[in-house]
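Down below is the structure, laid out as structure tokens.
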Amino acid sequence: MAIRNRKDFIGLSRSPMMNNYLSDQEAQTGVIPEKPQHKFSGLLDKNVLSWFIQNIPTLFRSHADYTTYNKGEGVFAMTSTSGKNNARMALLADWASCTVESERVAGLVKNKTPDYSIHLGDTYFIGNEKQVEENFGKQGAWHYAPNGSFALLGNHEMYSGGEAYFKNLLPYMGIKVDGKITSPQKAPFFCLENDYWRVIGIDTGYDCLSGLFQNNVGLKLPTKLINWLEDTVKLNDDKRGLIFLSHHQYCSAFKQLPGTQYDWFNEAEFQHPAIDLAKIIGQNRPVLWLWGHEHRLAIYGSYQAAGGITAFGRCIGNGGMPCDLVYNPSKAFGLDLSSHDGDEIQYDPKQVNARKIQAQKSNLVLHDNRLGEEVSGVRLGHNGYTMLSFNNEALTIDYYDDILPTPITAEQQPIITEKWSVNTATGQLKGISIVDNTKGGHPNDDSDKTRLFHFSPNINDAITIK
């Protein structure tokens with residue numbers, strides 16, 4: 001039930017206040033106010049100070065009660081018609097925007113016939129009961145896979161206190177048998193496992209807010225989640241391959257740095273969850289970690305923050321929201337230091353150097369900066385989704401965009417494919433291969449809008465365990 005266009009979300013602030021205002025205006029008038037602003041001054045410009053004053057009690061609402069599993073629950077066995085070790089899983093992040101684009105992505109996911117479908121969080125604008133129903137209810141576009149669906153908690157669900165996530169969204173989620181939920185998802189975390197792999201959804205959403213305007217970059221994993229990981233999942237006593245899912249990112253090449261500009265470098269890093277996990281599994285056991293929050297597809301190599309776990313990060317937050325493009329990424333990231341009068345943006349050399357260092361630090365390998373379309377003067381990239389395919393100790397991860405196959409009955413092909421294996425005697429991962437099917441390379445040609453942007457000269461950095 002697509003009721004919005006992604007142009008309605010261009011420039012959307014992450015402020016709980018702004019999102020509550022937009023949600024309220026849409027509910028009252030059926031129209032989303034034009035051009036949402038990033039700053040509080042945008043509210044004043046639109047003469048909504050009175051709205052803010054009237055809604056202070058709502059804005060400062062308390063968090064919904066946090067749920068957990070009964071003892072021994074929350075670990076679910078993966079199954080498929082091909083055998084328990086051969087399941088296929090669709091991952092979508094920042095998808096629930098109820099747009100034409102998110103509906104298209106959901107249709108492409110359905111065509112892949114996954115055994116499971118998982119949302120990594122964010123129901124727009126504030127994840128209230130109405131917005132949950134629009135995206136995940138009977139008229140919603142979400143694809144409920146035959147063996148079950150699961151959903152993580154993002155920051156946007158918490159803009160309404162998380163109540164609708166716990167009371168309205170979770171009842172749709174869990175393991176299904178013959179179309180009925182037999183083992184429900186009772187908490188904002190879960191584990192799906194087979195004999196070789198464990199896919200563990202962790203909650204970074206519940207404590208992600210800091211007042212009305214900021215992310216809580218110091219968020220930690222909830223105590224109930226940590227207890228579950230230790231007592232039920234027994235994370236440290238198992239040698240199967242580990243795949244973590246979360247809403248928020250561990251690292252980012254698009255981090256907001258002091259003195260830098262431009263909206264596509266306004267992200268943060270949320271590293272305390274990785275430190276919490278390291279206290280359980282140690283710092284040197286490599287894992288795969290897929291997240292959303294940033295509205296882009298980006299692939300990182302081995303990364304470890306101080307005191308944190310070692311992870312190969314993949315940002316897949318391109319499910320349904322506008323994906324901002326970086327203008328001339330080779331120059332923005334310092335791969336091309338030339339400057340010409342005709343350049344779209346004259347990048348400051350100090351800012352360029354800071355971004356290059358941050359990209360190197362986070363171990364960015366490549367990201368999707370291909371042009372999809374221009375809307376309201378803003379260049380937007382492609383939406384998409386990710387598929388995990390298990391085959392005993394082997395794992396294939398395919399990344400897809402939103403381009404319909406030609407002819408429409410043809411099989412959609414991935415833009416990136418990577419392959420891994422795990423040694424269940426040691427718990428060690430092994431990167432087998434990674435292929436960019438758009439044939440992007442290094443150095444990049446910024447004028448070619450059809451290929452992925454490569455920051456690293458060696459794509460195998462994305463799978464190399466150091």
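Chains: A, B, ... in order of the structure tokens. Residues: from 1 per chain. Ligands: from 1, in order shown.
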*Can you pull out every residue within 10 Å of Tyr66 (chain A), counting only C-alpha atoms, but drop anything in the same chain fewer than 6 positions away, and send it as a ChimeraX atom specification?*
/A:162-163,166,187-188,206,222,224
Mind writing the picked residues with N, CA, C and O atoms as a PDB file, in the first residue's frame?
```
ATOM      1  N   GLY A 162       8.456   3.493  21.132  1.00  0.00           N
ATOM      2  CA  GLY A 162       8.592   2.061  20.881  1.00  0.00           C
ATOM      3  C   GLY A 162       7.349   1.248  21.173  1.00  0.00           C
ATOM      4  O   GLY A 162       7.347   0.025  20.996  1.00  0.00           O
ATOM      5  N   GLU A 163       6.283   1.894  21.599  1.00  0.00           N
ATOM      6  CA  GLU A 163       5.092   1.147  22.017  1.00  0.00           C
ATOM      7  C   GLU A 163       4.504   0.324  20.886  1.00  0.00           C
ATOM      8  O   GLU A 163       4.155  -0.848  21.063  1.00  0.00           O
ATOM      9  N   PHE A 166       6.542  -2.906  20.059  1.00  0.00           N
ATOM     10  CA  PHE A 166       6.337  -4.034  20.969  1.00  0.00           C
ATOM     11  C   PHE A 166       4.909  -4.583  20.893  1.00  0.00           C
ATOM     12  O   PHE A 166       4.713  -5.804  20.947  1.00  0.00           O
ATOM     13  N   ALA A 187      10.923 -10.368  21.684  1.00  0.00           N
ATOM     14  CA  ALA A 187      11.851  -9.319  22.120  1.00  0.00           C
ATOM     15  C   ALA A 187      12.546  -8.720  20.904  1.00  0.00           C
ATOM     16  O   ALA A 187      12.535  -9.318  19.819  1.00  0.00           O
ATOM     17  N   PRO A 188      13.194  -7.560  21.053  1.00  0.00           N
ATOM     18  CA  PRO A 188      13.888  -6.938  19.923  1.00  0.00           C
ATOM     19  C   PRO A 188      15.256  -7.544  19.651  1.00  0.00           C
ATOM     20  O   PRO A 188      16.193  -6.846  19.270  1.00  0.00           O
ATOM     21  N   TYR A 206      16.705   0.590  21.395  1.00  0.00           N
ATOM     22  CA  TYR A 206      15.958   0.996  22.584  1.00  0.00           C
ATOM     23  C   TYR A 206      16.597   2.182  23.304  1.00  0.00           C
ATOM     24  O   TYR A 206      15.908   3.080  23.789  1.00  0.00           O
ATOM     25  N   PRO A 222      21.339  -3.540  25.852  1.00  0.00           N
ATOM     26  CA  PRO A 222      20.530  -3.695  27.071  1.00  0.00           C
ATOM     27  C   PRO A 222      20.970  -4.903  27.900  1.00  0.00           C
ATOM     28  O   PRO A 222      21.390  -5.930  27.353  1.00  0.00           O
ATOM     29  N   LYS A 224      19.251  -7.080  29.525  1.00  0.00           N
ATOM     30  CA  LYS A 224      18.491  -8.307  29.243  1.00  0.00           C
ATOM     31  C   LYS A 224      19.001  -9.008  27.994  1.00  0.00           C
ATOM     32  O   LYS A 224      18.984 -10.243  27.916  1.00  0.00           O
TER      33      LYS A 224
END
```
_Picked from region 222-459 of chain A by DSSP as alpha helix (DSSP H), as a ChimeraX atom specification_ = /A:223-231,272-281,329-332,349-362
What would the file look like if the residues just selected were written as a CSV table (one decimal), in the first residue's frame with N, CA, C and O atoms?
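Produced file selection_12.csv, reproduced below:
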```
chain,number,residue,atom,x,y,z
A,223,THR,N,20.8,-4.8,29.2
A,223,THR,CA,21.3,-5.9,30.1
A,223,THR,C,20.6,-7.2,29.8
A,223,THR,O,21.2,-8.3,29.9
A,224,LYS,N,19.3,-7.1,29.5
A,224,LYS,CA,18.5,-8.3,29.2
A,224,LYS,C,19.0,-9.0,28.0
A,224,LYS,O,19.0,-10.2,27.9
A,225,LEU,N,19.4,-8.2,27.0
A,225,LEU,CA,20.0,-8.8,25.8
A,225,LEU,C,21.3,-9.5,26.1
A,225,LEU,O,21.6,-10.6,25.7
A,226,ILE,N,22.2,-8.8,26.9
A,226,ILE,CA,23.5,-9.4,27.2
A,226,ILE,C,23.3,-10.7,28.0
A,226,ILE,O,24.0,-11.7,27.8
A,227,ASN,N,22.4,-10.7,29.0
A,227,ASN,CA,22.1,-11.9,29.8
A,227,ASN,C,21.6,-13.1,28.9
A,227,ASN,O,22.0,-14.2,29.0
A,228,TRP,N,20.8,-12.7,27.9
A,228,TRP,CA,20.3,-13.7,26.9
A,228,TRP,C,21.4,-14.3,26.1
A,228,TRP,O,21.5,-15.5,25.9
A,229,LEU,N,22.3,-13.4,25.6
A,229,LEU,CA,23.5,-13.9,24.8
A,229,LEU,C,24.4,-14.8,25.6
A,229,LEU,O,24.9,-15.8,25.1
A,230,GLU,N,24.5,-14.6,26.9
A,230,GLU,CA,25.4,-15.4,27.7
A,230,GLU,C,24.7,-16.7,28.2
A,230,GLU,O,25.3,-17.8,28.2
A,231,ASP,N,23.4,-16.6,28.6
A,231,ASP,CA,22.8,-17.7,29.3
A,231,ASP,C,22.0,-18.6,28.4
A,231,ASP,O,22.0,-19.8,28.6
A,272,HIS,N,30.0,1.1,21.3
A,272,HIS,CA,29.9,0.4,22.6
A,272,HIS,C,29.3,-1.0,22.4
A,272,HIS,O,29.7,-2.0,23.2
A,273,PRO,N,28.3,-1.3,21.5
A,273,PRO,CA,27.8,-2.6,21.4
A,273,PRO,C,28.9,-3.6,21.0
A,273,PRO,O,28.9,-4.8,21.5
A,274,ALA,N,29.8,-3.2,20.2
A,274,ALA,CA,31.0,-4.1,19.8
A,274,ALA,C,31.9,-4.4,21.0
A,274,ALA,O,32.4,-5.4,21.1
A,275,ILE,N,32.0,-3.4,21.9
A,275,ILE,CA,32.8,-3.6,23.2
A,275,ILE,C,32.0,-4.6,24.1
A,275,ILE,O,32.6,-5.5,24.7
A,276,ASP,N,30.7,-4.4,24.2
A,276,ASP,CA,29.9,-5.4,24.9
A,276,ASP,C,30.0,-6.8,24.4
A,276,ASP,O,30.1,-7.7,25.2
A,277,LEU,N,30.0,-6.9,23.1
A,277,LEU,CA,30.1,-8.3,22.5
A,277,LEU,C,31.5,-8.8,22.7
A,277,LEU,O,31.7,-10.1,22.9
A,278,ALA,N,32.5,-8.0,22.7
A,278,ALA,CA,33.9,-8.5,22.9
A,278,ALA,C,34.1,-9.0,24.3
A,278,ALA,O,34.9,-9.9,24.5
A,279,LYS,N,33.3,-8.6,25.2
A,279,LYS,CA,33.4,-9.1,26.6
A,279,LYS,C,32.9,-10.5,26.7
A,279,LYS,O,33.2,-11.3,27.6
A,280,ILE,N,32.2,-10.9,25.6
A,280,ILE,CA,31.6,-12.3,25.6
A,280,ILE,C,32.4,-13.2,24.7
A,280,ILE,O,32.8,-14.3,25.1
A,281,ILE,N,32.8,-12.7,23.5
A,281,ILE,CA,33.4,-13.6,22.5
A,281,ILE,C,34.9,-13.2,22.3
A,281,ILE,O,35.6,-13.9,21.5
A,329,PRO,N,32.8,11.4,-5.8
A,329,PRO,CA,33.4,10.7,-4.6
A,329,PRO,C,34.9,10.6,-4.6
A,329,PRO,O,35.5,10.6,-3.6
A,330,SER,N,35.5,10.4,-5.8
A,330,SER,CA,37.0,10.3,-5.9
A,330,SER,C,37.6,11.6,-5.3
A,330,SER,O,38.7,11.5,-4.6
A,331,LYS,N,37.0,12.7,-5.5
A,331,LYS,CA,37.6,14.0,-5.0
A,331,LYS,C,37.2,14.1,-3.5
A,331,LYS,O,38.0,14.6,-2.7
A,332,ALA,N,36.0,13.8,-3.2
A,332,ALA,CA,35.5,13.9,-1.8
A,332,ALA,C,36.3,13.0,-0.9
A,332,ALA,O,36.5,13.4,0.3
A,349,PRO,N,40.7,21.1,0.8
A,349,PRO,CA,41.8,20.0,0.9
A,349,PRO,C,41.9,19.4,2.3
A,349,PRO,O,42.1,18.2,2.5
A,350,LYS,N,41.7,20.2,3.4
A,350,LYS,CA,41.8,19.7,4.7
A,350,LYS,C,40.6,18.8,5.0
A,350,LYS,O,40.8,17.7,5.7
A,351,GLN,N,39.4,19.1,4.5
A,351,GLN,CA,38.3,18.3,4.7
A,351,GLN,C,38.4,16.9,4.0
A,351,GLN,O,38.1,15.9,4.5
A,352,VAL,N,39.0,17.1,2.7
A,352,VAL,CA,39.2,15.9,1.9
A,352,VAL,C,40.2,14.9,2.6
A,352,VAL,O,40.0,13.7,2.7
A,353,ASN,N,41.2,15.5,3.2
A,353,ASN,CA,42.2,14.7,3.9
A,353,ASN,C,41.6,14.0,5.1
A,353,ASN,O,41.9,12.8,5.4
A,354,ALA,N,40.8,14.7,5.8
A,354,ALA,CA,40.1,14.1,7.0
A,354,ALA,C,39.2,13.0,6.6
A,354,ALA,O,39.1,12.0,7.3
A,355,ARG,N,38.5,13.2,5.5
A,355,ARG,CA,37.6,12.1,5.0
A,355,ARG,C,38.4,10.9,4.6
A,355,ARG,O,37.9,9.7,4.8
A,356,LYS,N,39.5,11.1,3.9
A,356,LYS,CA,40.3,10.0,3.4
A,356,LYS,C,40.8,9.2,4.6
A,356,LYS,O,40.8,8.0,4.6
A,357,ILE,N,41.3,9.9,5.6
A,357,ILE,CA,41.8,9.2,6.8
A,357,ILE,C,40.6,8.4,7.5
A,357,ILE,O,40.8,7.3,7.9
A,358,GLN,N,39.4,9.0,7.6
A,358,GLN,CA,38.3,8.3,8.2
A,358,GLN,C,37.9,7.1,7.3
A,358,GLN,O,37.6,6.0,7.9
A,359,ALA,N,37.9,7.2,6.0
A,359,ALA,CA,37.6,6.0,5.2
A,359,ALA,C,38.6,4.9,5.3
A,359,ALA,O,38.3,3.7,5.4
A,360,GLN,N,39.9,5.3,5.5
A,360,GLN,CA,41.0,4.3,5.7
A,360,GLN,C,40.8,3.7,7.1
A,360,GLN,O,41.0,2.4,7.2
A,361,LYS,N,40.5,4.5,8.1
A,361,LYS,CA,40.3,4.0,9.4
A,361,LYS,C,39.2,3.0,9.5
A,361,LYS,O,39.3,1.9,10.2
A,362,SER,N,38.1,3.3,8.8
A,362,SER,CA,36.9,2.4,8.9
A,362,SER,C,37.1,1.2,7.9
A,362,SER,O,36.3,0.3,7.9
```
*In Å, how far is it from CA of Lys110 (chain A) to CA of Asp178 (chain A)?*
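Atom-to-atom, CA of Lys110 (chain A) to CA of Asp178 (chain A), that is 17.4 Å.
The closest residue to Glu134 (chain A), picked from A:Phe9, A:Leu152, A:Ser183, A:Ile3 and counting only C-alpha atoms, is A:Ile3.
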Output as CSV one row per residue of region 75-114 of chain A within 8 Å of region 142-148 of chain A: the closest atom pair and its distance in Å to one decimal place, counting only C-alpha atoms, sorted by chain and residue number ascending.
```
residue,atom,partner,partner_atom,distance
A:Thr79,CA,A:Asn147,CA,7.4
A:Ser80,CA,A:Asn147,CA,7.6
A:Glu103,CA,A:Trp142,CA,7.8
A:Ala106,CA,A:Trp142,CA,6.0
A:Gly107,CA,A:His143,CA,7.6
A:Val109,CA,A:His143,CA,7.2
A:Lys110,CA,A:His143,CA,6.0
A:Thr113,CA,A:Ala145,CA,7.3
A:Pro114,CA,A:Ala145,CA,6.1
```
Write the selection just made, keeping C-alpha atoms, as an mmCIF file, in the first residue's frame?
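Result went into out-v9.cif, see below:
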```cif
data_model
loop_
_atom_site.group_PDB
_atom_site.id
_atom_site.type_symbol
_atom_site.label_atom_id
_atom_site.label_comp_id
_atom_site.auth_asym_id
_atom_site.auth_seq_id
_atom_site.Cartn_x
_atom_site.Cartn_y
_atom_site.Cartn_z
ATOM 1 C CA THR A 79 14.712 -24.776 8.080
ATOM 2 C CA SER A 80 13.993 -24.936 4.371
ATOM 3 C CA GLU A 103 6.901 -1.560 -2.427
ATOM 4 C CA ALA A 106 9.367 -5.870 -1.429
ATOM 5 C CA GLY A 107 8.115 -7.295 -4.728
ATOM 6 C CA VAL A 109 12.269 -9.852 -2.494
ATOM 7 C CA LYS A 110 9.096 -11.900 -2.957
ATOM 8 C CA THR A 113 11.253 -16.767 -2.529
ATOM 9 C CA PRO A 114 13.342 -16.547 0.661
#
```
*Between CA of Arg88 (chain A) and CA of Ser102 (chain A), measure the distance and give it in Å to one decimal.*
20.6 Å
Give me, as a PDB file with C-alpha atoms, in the first residue's frame, all polymer residues having an atom no more than 10 Å from Met78 (chain A), counting only C-alpha atoms and skipping those fewer than 3 positions away in the same chain.
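Contents of result16.pdb, freshly written:
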```
ATOM      1  CA  VAL A  75      16.843 -19.267  19.581  1.00  0.00           C
ATOM      2  CA  GLY A  83      17.248 -28.997   4.282  1.00  0.00           C
ATOM      3  CA  LYS A  84      17.949 -27.290   7.571  1.00  0.00           C
ATOM      4  CA  ASN A  85      21.419 -26.162   6.495  1.00  0.00           C
ATOM      5  CA  ASN A  86      20.301 -24.666   3.181  1.00  0.00           C
ATOM      6  CA  ALA A  87      17.981 -21.821   4.130  1.00  0.00           C
ATOM      7  CA  ARG A  88      17.732 -18.516   2.252  1.00  0.00           C
ATOM      8  CA  MET A  89      17.168 -15.244   4.076  1.00  0.00           C
ATOM      9  CA  ASP A 115      12.627 -18.870   3.565  1.00  0.00           C
ATOM     10  CA  TYR A 116      12.944 -15.938   6.007  1.00  0.00           C
ATOM     11  CA  ASN A 147       9.164 -19.924   7.411  1.00  0.00           C
ATOM     12  CA  GLY A 148       9.053 -16.662   9.315  1.00  0.00           C
ATOM     13  CA  ILE A 175       8.590 -18.644  13.099  1.00  0.00           C
ATOM     14  CA  CYS A 191      18.956 -15.984  16.994  1.00  0.00           C
ATOM     15  CA  LEU A 192      18.365 -18.095  13.885  1.00  0.00           C
ATOM     16  CA  GLU A 193      20.735 -21.030  13.620  1.00  0.00           C
ATOM     17  CA  ASN A 194      21.628 -24.192  11.759  1.00  0.00           C
ATOM     18  CA  ASP A 195      24.483 -26.657  12.229  1.00  0.00           C
ATOM     19  CA  TRP A 197      25.858 -20.663  11.241  1.00  0.00           C
ATOM     20  CA  ARG A 198      24.112 -18.395  13.730  1.00  0.00           C
ATOM     21  CA  VAL A 199      22.342 -15.204  12.656  1.00  0.00           C
ATOM     22  CA  PHE A 390      23.383 -21.040   3.407  1.00  0.00           C
TER      23      PHE A 390
END
```
*All residues 9 Å or closer to Ile10 (chain A), only C-alpha atoms, same chain fewer than 4 positions away omitted, as a PyMOL selection string*: chain A and resi 6+35-36+321-324+375-376+378
Please write the residues from the selection above to a file, keeping N, CA and C atoms, as a CSV table (one decimal), in the first residue's frame.
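Generated output (result-v3.csv):
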```csv
chain,number,residue,atom,x,y,z
A,6,ARG,N,9.4,8.9,-2.4
A,6,ARG,CA,10.6,9.1,-1.6
A,6,ARG,C,11.0,10.6,-1.6
A,35,LYS,N,9.8,19.9,2.0
A,35,LYS,CA,11.2,20.2,2.4
A,35,LYS,C,11.4,20.2,3.9
A,36,PRO,N,11.4,19.0,4.5
A,36,PRO,CA,11.8,18.9,5.9
A,36,PRO,C,13.2,19.4,6.1
A,321,MET,N,14.3,4.2,1.7
A,321,MET,CA,14.5,5.7,1.9
A,321,MET,C,15.4,6.2,0.7
A,322,PRO,N,15.3,7.6,0.5
A,322,PRO,CA,16.2,8.1,-0.5
A,322,PRO,C,17.7,7.9,-0.1
A,323,CYS,N,18.5,7.5,-1.1
A,323,CYS,CA,19.9,7.2,-0.9
A,323,CYS,C,20.7,8.4,-1.5
A,324,ASP,N,21.2,9.3,-0.7
A,324,ASP,CA,22.0,10.4,-1.2
A,324,ASP,C,23.3,10.0,-1.8
A,375,VAL,N,15.7,13.9,-8.2
A,375,VAL,CA,14.4,14.3,-7.7
A,375,VAL,C,14.5,15.6,-6.9
A,376,SER,N,13.7,16.6,-7.4
A,376,SER,CA,13.7,17.9,-6.7
A,376,SER,C,15.1,18.5,-6.6
A,378,VAL,N,17.9,16.9,-6.4
A,378,VAL,CA,18.8,16.0,-5.5
A,378,VAL,C,19.0,14.7,-6.3
```
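Proximity of A:Pro407, A:Gly372, A:Gly431, A:Gly74 to Pro286 (chain A), computed with only C-alpha atoms, is greatest for A:Gly431.
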_Shell around Asn266 (chain A) at 12 Å using only C-alpha atoms, local window under 6 positions removed, as an NGL selection string_ = :A and (11 or 13-14 or 38 or 214-215 or 252-260 or 293-295 or 324 or 326 or 355)
*List every residue of region 176-245 of chain A that DSSP, applied to the backbone, labels as strand (DSSP E or B), and write the result as a ChimeraX atom specification.*
/A:176-177,180-184,190-193,197-201,209-210,214-215,241-245
*For Gly174 (chain A), the nearest of the candidates A:Leu297, A:Ala151, A:Ile397, A:Cys208, counting only C-alpha atoms*: A:Ala151
*So, counting only C-alpha atoms, which residue among A:Ile243, A:Ala64, A:Ile299, A:Leu12 is closest to Met158 (chain A)?*
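When distances to Met158 (chain A) are compared using only C-alpha atoms, the smallest one comes from A:Ala64.
Every protein, DNA or RNA residue with an atom at most 6 Å from Thr310 (chain A), where only C-alpha atoms count and chain neighbours fewer than 6 positions away do not, is listed here: Gln283, Asn284, Pro286, Tyr303 and Gln304 of chain A.
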Quick one: write out the picked residues with N, CA, C and O atoms as an mmCIF file, in the first residue's frame?
```cif
data_model
loop_
_atom_site.group_PDB
_atom_site.id
_atom_site.type_symbol
_atom_site.label_atom_id
_atom_site.label_comp_id
_atom_site.auth_asym_id
_atom_site.auth_seq_id
_atom_site.Cartn_x
_atom_site.Cartn_y
_atom_site.Cartn_z
ATOM 1 N N GLN A 283 38.024 -10.256 21.362
ATOM 2 C CA GLN A 283 38.219 -9.243 20.329
ATOM 3 C C GLN A 283 38.720 -9.794 18.998
ATOM 4 O O GLN A 283 38.679 -9.086 17.982
ATOM 5 N N ASN A 284 39.156 -11.026 18.973
ATOM 6 C CA ASN A 284 39.883 -11.506 17.792
ATOM 7 C C ASN A 284 39.169 -12.578 16.989
ATOM 8 O O ASN A 284 39.762 -13.162 16.085
ATOM 9 N N PRO A 286 36.727 -13.142 14.170
ATOM 10 C CA PRO A 286 36.053 -12.375 13.125
ATOM 11 C C PRO A 286 34.582 -12.785 12.965
ATOM 12 O O PRO A 286 34.240 -13.974 13.050
ATOM 13 N N TYR A 303 37.412 -4.674 10.584
ATOM 14 C CA TYR A 303 37.466 -3.461 11.398
ATOM 15 C C TYR A 303 37.382 -3.838 12.870
ATOM 16 O O TYR A 303 36.613 -4.716 13.254
ATOM 17 N N GLN A 304 38.164 -3.127 13.672
ATOM 18 C CA GLN A 304 38.123 -3.347 15.116
ATOM 19 C C GLN A 304 38.374 -2.029 15.834
ATOM 20 O O GLN A 304 39.446 -1.436 15.723
#
```
*Measure the distance from CA of Arg4 (chain A) to CA of Phe125 (chain A) in Å and round it to one decimal.*
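That distance, rounded to one decimal, is 11.5 Å.
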